[in-house]
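This report refers to the structure that appears directly beneath it.
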Amino acid sequence: MPTLDRQDNVFVLDLGDDENRFHPDWIAAVNAALDEVEKTDGPRALVTAARGKFYSNGLDLDWLFAHTDQQQDYVASVHELFARLLSLPVITVAALQGHTFAAGAMFSLAHDFRVMRADRGYWCLPEADINSPFTPGMSALIQARLTPRTAHEAMLTARRYGGHDALAAGVVDLAVDEDAVRTTAVEIASGQLQKAGDTLRTIRTRMYAPVLAALRDRTAPLG
């Protein structure tokens with residue numbers, strides 16, 4: 001399960017050491033950590049990281065297929081997690097040490113910055129290959145955070161981007177050695193501590209107003 005630590009004024013949210021799929025309990029734990037970050041006063045920033053082969057492999061499909069009657073509410077909870085991170089009043093950095101797929105990739109896009117391992121691991125939106133269309137909220141998030149050319153390629157071809165390719169396509173901001181992924185993310189966050197507060201939240205909510213509206217539309221989250 002996700003755990004929250006603090007390195008001086010940088011909160012580090014460790015997502016776990018398995019596939020870190022979006023089980024409802026996992027989502028609840030992440031939201032509890034974000035509660036802690038939000039209620040803290042003063043300069044601060046957030047890094048999300050993980051251990052092992054995966055940063056996150058996205059939706060918990062096993063849980064979802066076993067609870068099809070809760071599909072709408074489940075997707076709405078995932079959307080809200082994206083929206084919450086996108087509108088958080090602190091600078092956020094994703095440290096992508098491993099595979100980052102599907103909703104895990106979208107979760108990374110809700111951060112301000114992304115640091116990826118250069119030599120191994122992929123960032124991928126596989127929905128076109130698994131016959132699972134993006135929801136309107138997901139589409140809005142991806143298209144707001146990637147260039148039109150990269151969004152087109154990533155969404156329609158399900159390309160798997162390695163670290164260097166992800167950097168060239170603007171998916172991530174830095175591609176570094178494995179042992180430098182988390183430390184580099186913390187360094188970036190440490191340089192942005194003073195941005196935390198209501199002004200940052202206001203900038204975010206105005207900048208991403210259409211995306212937030214799409215993500216928080218509960219009338220038809222699946223489209």
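A note on labels: chains of the structure tokens are A, B, ... as shown, every chain counts residues from 1, and ligands are counted from 1 in their shown order.
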Can I get the residues of region 80-190 of chain A within 12 Å of region 11-28 of chain A, each with the closest pair of atoms and their distance in Å to one decimal, using only C-alpha atoms, sorted chain first then ascending number, as a Markdown table?
```
| residue | atom | partner | partner_atom | distance |
| --- | --- | --- | --- | --- |
| A:Glu80 | CA | A:Ile27 | CA | 10.0 |
| A:Leu81 | CA | A:Ile27 | CA | 7.5 |
| A:Phe82 | CA | A:Ile27 | CA | 10.6 |
| A:Arg84 | CA | A:Ile27 | CA | 11.7 |
| A:Val90 | CA | A:Phe11 | CA | 10.2 |
| A:Ile91 | CA | A:Phe11 | CA | 10.6 |
| A:Thr92 | CA | A:Phe11 | CA | 9.5 |
| A:Val93 | CA | A:Val12 | CA | 9.5 |
| A:Ala94 | CA | A:Leu13 | CA | 9.6 |
| A:Ala95 | CA | A:Asp14 | CA | 9.7 |
| A:Leu96 | CA | A:Leu15 | CA | 10.9 |
| A:Gln97 | CA | A:Asp17 | CA | 10.9 |
| A:Gly98 | CA | A:Glu19 | CA | 9.7 |
| A:His99 | CA | A:Glu19 | CA | 8.8 |
| A:Thr100 | CA | A:Glu19 | CA | 9.4 |
| A:Phe101 | CA | A:Glu19 | CA | 9.9 |
| A:Ala102 | CA | A:Arg21 | CA | 10.1 |
| A:Ala103 | CA | A:Phe22 | CA | 8.2 |
| A:Gly104 | CA | A:Arg21 | CA | 7.7 |
| A:Ala105 | CA | A:Arg21 | CA | 11.4 |
| A:Met106 | CA | A:Phe22 | CA | 11.9 |
| A:Phe107 | CA | A:Phe22 | CA | 10.3 |
| A:Ser108 | CA | A:Leu15 | CA | 11.9 |
| A:Arg182 | CA | A:Val12 | CA | 9.2 |
| A:Thr183 | CA | A:Val12 | CA | 10.6 |
| A:Ala185 | CA | A:Val12 | CA | 9.6 |
| A:Val186 | CA | A:Val12 | CA | 8.0 |
| A:Glu187 | CA | A:Val12 | CA | 11.7 |
| A:Ala189 | CA | A:Phe11 | CA | 9.1 |
| A:Ser190 | CA | A:Phe11 | CA | 9.9 |
```
* Contact residues around region 147-157 of chain A with only C-alpha atoms at 7 Å, ignoring same-chain residues under 4 positions, as a list in words -> Leu125, Ala128, Ile142, Gln143 and Ala169 of chain A
* Asked: Among region 147-182 of chain A, which residues carry a DSSP assignment of alpha helix (DSSP H), reported as JSON, numbers by chain?
  -> {"A": [148, 149, 150, 151, 152, 153, 154, 155, 156, 157, 163, 164, 165, 166, 167, 168, 181, 182]}
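When DSSP is run on the backbone, the residues of region 66-184 of chain A that fall into strand (DSSP E) are A:Ile91, A:Thr92, A:Val93, A:Ala94, A:Ala95, A:Leu96, A:His99, A:Thr100, A:Phe101, A:Phe113, A:Arg114, A:Val115, A:Met116, A:Arg117, A:Trp123, A:Cys124, A:Arg160, A:Tyr161, A:Leu174, A:Ala175, A:Val176.
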For the residues in the current selection, export C-alpha atoms as a CSV table (one decimal), in the first residue's frame.
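Final output, saved to selection-v6.csv:
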```
chain,number,residue,atom,x,y,z
A,91,ILE,CA,4.4,21.3,-7.2
A,92,THR,CA,4.4,17.6,-8.0
A,93,VAL,CA,7.0,15.4,-9.5
A,94,ALA,CA,6.6,11.8,-10.6
A,95,ALA,CA,9.7,9.5,-10.3
A,96,LEU,CA,9.1,6.8,-12.9
A,99,HIS,CA,6.8,0.5,-16.2
A,100,THR,CA,4.1,3.2,-16.3
A,101,PHE,CA,1.0,2.0,-18.2
A,113,PHE,CA,7.2,17.1,-13.9
A,114,ARG,CA,8.2,13.5,-14.7
A,115,VAL,CA,11.6,11.9,-14.3
A,116,MET,CA,12.1,8.5,-16.0
A,117,ARG,CA,14.6,5.8,-15.8
A,123,TRP,CA,5.6,4.6,-20.6
A,124,CYS,CA,2.6,3.5,-22.5
A,160,ARG,CA,5.8,2.0,-25.7
A,161,TYR,CA,8.2,4.8,-25.0
A,174,LEU,CA,14.3,14.0,-17.7
A,175,ALA,CA,15.7,10.5,-18.4
A,176,VAL,CA,18.3,9.5,-15.9
```
* **Using only C-alpha atoms: which of A:Lys195, A:Arg204, A:His111, A:His79 has the shortest distance to Pro221 (chain A)** =>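 Checking each of A:Lys195, A:Arg204, A:His111, A:His79 against Pro221 (chain A), counting only C-alpha atoms, the winner is A:His79.
Between CA of Thr184 (chain A) and CA of Ala50 (chain A) the separation is 14.0 Å.
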* Residue neighbourhood Gln194 (chain A), 9 Å, only C-alpha atoms, exclusion window fewer than 6 positions, as a ChimeraX atom specification -> /A:42-45,90
* Structure fact -> Closest of A:Ser139, A:Leu193, A:Asp165, A:Ser56 to Asp8 (chain A), counting only C-alpha atoms, is A:Leu193
* Could you check how far CA of Glu36 (chain A) sits from CA of Ala209 (chain A), in Å to one decimal? =>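 For CA of Glu36 (chain A) relative to CA of Ala209 (chain A), the distance reads 24.3 Å.
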Within 9 Å of Ala33 (chain A), counting only C-alpha atoms, which residues qualify if same-chain residues fewer than 6 places away don't, as a PDB file with C-alpha atoms, in the first residue's frame?
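Result file out_21.pdb:
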```
ATOM      1  CA  PRO A   2       1.133   3.597  -0.554  1.00  0.00           C
ATOM      2  CA  THR A   3       3.088   5.244   2.248  1.00  0.00           C
ATOM      3  CA  LEU A   4       3.958   8.896   2.843  1.00  0.00           C
ATOM      4  CA  LEU A  13       4.563   9.269  -1.607  1.00  0.00           C
TER       5      LEU A  13
END
```
* Which of A:Phe134, A:Asp69, A:Glu178, A:Ser87 sits closest to Gly121 (chain A) [using only C-alpha atoms] -> A:Glu178
* To do: Enter the distance from CA of Asp5 (chain A) to CA of Leu85 (chain A), in Å, rounded to one decimal.
  =>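 That distance, rounded to one decimal, is 17.4 Å.
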